[in-house]
Amino acid sequence: MAPISKNIRLTLILMFFAFASKAQNGLQMDIAYRVDIPTGSFTNQVSNASAKGFNAALSYSFNTKFSLGLMVSYNDYYQKYPRALYTDAHGSTISAVMTNSIQQTPIQVVADYKLIDKGIIQPYVGLGAGFNLVSYDQYLGEFDNPQNAFKPTFSGDAGIFIPVSRISSTAIRIGAGYNFTPLNMGGIKNLNTFDIHAGVRFPFN
Amino acid sequence: MLQKQWFYGILIPVIIIAGCKKDPLNHLTNEESRIYVTDHDSTANFQSYKTYSISDSVSVIQDNQNAGQLLGLYEINLINAIKTSMQQNGYSLVDKSSNPDLAINVSEIINTQTNVIDYSMYWDSYSSYYDPYYWGDPGYGYYSPYSLGTYTSQTDGTEIDLLDLKNASANGSKIVSLWSGLVMGQDIYNPNNAASEVQKLFSQSTYLKAN
């Protein structure tokens, strides 16, 4: 029997608890603002945090604890470096102000599980897997060298839901996560980031 | 209620996506937009050359064809700055009739056909821009052992080429390019920028010295 990865095992455990819980199903949407901080070799190109990001997810809540859906995220990274000398592919020496501009648009299947589904603070954990549309522009001066990639991406996050009232299913969502995207482009081996996000979950009922 | 939620749920992300990307070009000054590209024949011994001559005007290369000569204030400042830098690097200016070791051609490269300027093509047609007879004997050709690459741009460039006249016969009747400097970006043809453009090209070419 083939070994089951830790992520799959965790997903199966979450799904078990989800379906074992009391049913309260329905469509819901999450909108969140997010800030991403590059980690690993990503910082060789951009070390500045991206303060221009968001999550938008449409999910189905199987009960009060477990939901499964599709999430689209976006973030924009930008960093300008002072004038320096570079060597191009032809071996020429170039004096330029380098600007790296990277946009990530991950599209993931996401699963959330509330560890506690009652009270003012309801902690949760979440997992996601999908693909990341990456746009990478490296400018030397005003001259762009655009590249695009479509890569697998994985994410995990944890945080809390704070219901806005006792009678409403709408809740404020605050969390932090880690995002993995392997890449081999322009000296970047990955686009891994640590993120913090805050937004609202509201039901369609 | 449902329609209103959908409206805001979809509209807000779309607005954010449309307005989120920080455009690098909007955050560059004219000086920051400029790049200075240099390359040279790695086999050349620049200390073996002592004298040079420079063309008395700047050639305009438009869409890979020679479109004439220019000698406005920018071009005058450019040529004077080249003379200054060459002198600082130990080379002596002589008349072209005095058998200079080196020749310098200066070009303004204008591309109106596409947004791509390919500097390998620039060298392919070099003989049509500059008559080899101007520097040497009839039948000579030009050759560059390097190329400065391809750039996607809506702007034009200024290129300075340092040519080997001393060894043209030994090189099989070829006038070999020893060094090229290229400036591209915004506001490069401003007469006030000519001296700094030349200074940057020479300062990043530390091997380009007679002594």
# chains A, B, ... in the order shown; residues from 1 in each chain; ligands from 1
>>> closest_atom_pairs(of="chain B", to="chain A", cutoff="6 Å", atoms="only C-alpha atoms", output="tab-separated table")
residue	atom	partner	partner_atom	distance
B:Leu2	CA	A:Phe204	CA	5.9
B:Lys21	CA	A:Asp76	CA	5.9
B:Glu32	CA	A:Val97	CA	5.8
B:Ser33	CA	A:Gly141	CA	4.1
B:Arg34	CA	A:Gly141	CA	5.3
B:Ile35	CA	A:Ala96	CA	4.9
B:Tyr36	CA	A:Ser95	CA	5.0
B:Val37	CA	A:Ile94	CA	4.4
B:Thr38	CA	A:Thr93	CA	5.2
B:Asp39	CA	A:Ser92	CA	4.8
>>> write_last_selection(atoms="N, CA and C atoms", output="short mmCIF file (atom, residue, chain, number, x, y, z; two decimals), in the first residue's frame")
data_model
loop_
_atom_site.label_atom_id
_atom_site.label_comp_id
_atom_site.auth_asym_id
_atom_site.auth_seq_id
_atom_site.Cartn_x
_atom_site.Cartn_y
_atom_site.Cartn_z
N LEU B 2 -29.33 38.26 -1.40
CA LEU B 2 -28.36 37.39 -2.07
C LEU B 2 -27.68 38.11 -3.23
N LYS B 21 -1.83 46.31 -9.24
CA LYS B 21 -0.45 46.20 -9.68
C LYS B 21 0.25 47.55 -9.66
N GLU B 32 16.65 57.05 -13.97
CA GLU B 32 16.54 55.63 -13.61
C GLU B 32 16.08 54.77 -14.78
N SER B 33 15.40 55.39 -15.74
CA SER B 33 14.91 54.61 -16.89
C SER B 33 16.04 54.22 -17.84
N ARG B 34 17.17 54.93 -17.73
CA ARG B 34 18.24 54.71 -18.70
C ARG B 34 19.13 53.52 -18.31
N ILE B 35 19.55 52.79 -19.35
CA ILE B 35 20.53 51.72 -19.13
C ILE B 35 21.77 52.03 -19.95
N TYR B 36 22.89 51.58 -19.44
CA TYR B 36 24.19 51.80 -20.08
C TYR B 36 24.81 50.43 -20.31
N VAL B 37 24.94 50.07 -21.57
CA VAL B 37 25.39 48.72 -21.92
C VAL B 37 26.75 48.82 -22.59
N THR B 38 27.69 48.02 -22.13
CA THR B 38 29.01 47.99 -22.78
C THR B 38 29.44 46.54 -23.00
N ASP B 39 30.20 46.35 -24.05
CA ASP B 39 30.81 45.04 -24.28
C ASP B 39 32.08 45.27 -25.09
#
>>> select_by_dssp(residues="chain A", states="helix (DSSP H, G or I)", output="list in words")
Lys6, Asn7, Ile8, Arg9, Leu10, Thr11, Leu12, Ile13, Leu14, Met15, Phe16, Phe17, Ala18, Phe19, Ala20, Gly40, Ser41, Phe42, Thr43 and Asn44 of chain A
>>> closest_residue(among="B:Asn77, B:Asn105, B:Asn193, B:Ser144", to="B:Lys174", atoms="only C-alpha atoms")
B:Ser144
>>> closest_residue(among="B:Gly157, B:Glu197, B:Gln87, B:Ser173", to="B:Tyr140", atoms="only C-alpha atoms")
B:Ser173
>>> select_by_dssp(residues="stretch 17-178 of chain A", states="strand (DSSP E or B)", output="PyMOL selection string")
chain A and resi 26-38+50-61+66-80+84-87+93-96+98-114+122-140+143-163+171-178
>>> atom_distance(atom1="atom CA of A:Ile121", atom2="atom CA of A:Phe66")
16.1 Å
>>> residues_around(residues="A:Gly159", least_positions_apart="3", cutoff="10 Å", atoms="only C-alpha atoms", output="list in words")
Lys114, Ile121, Gln122, Pro123, Tyr124, Val125, Gly126, Arg173, Ile174, Gly175, Ala176, Gly177, Ile196, His197 and Ala198 of chain A
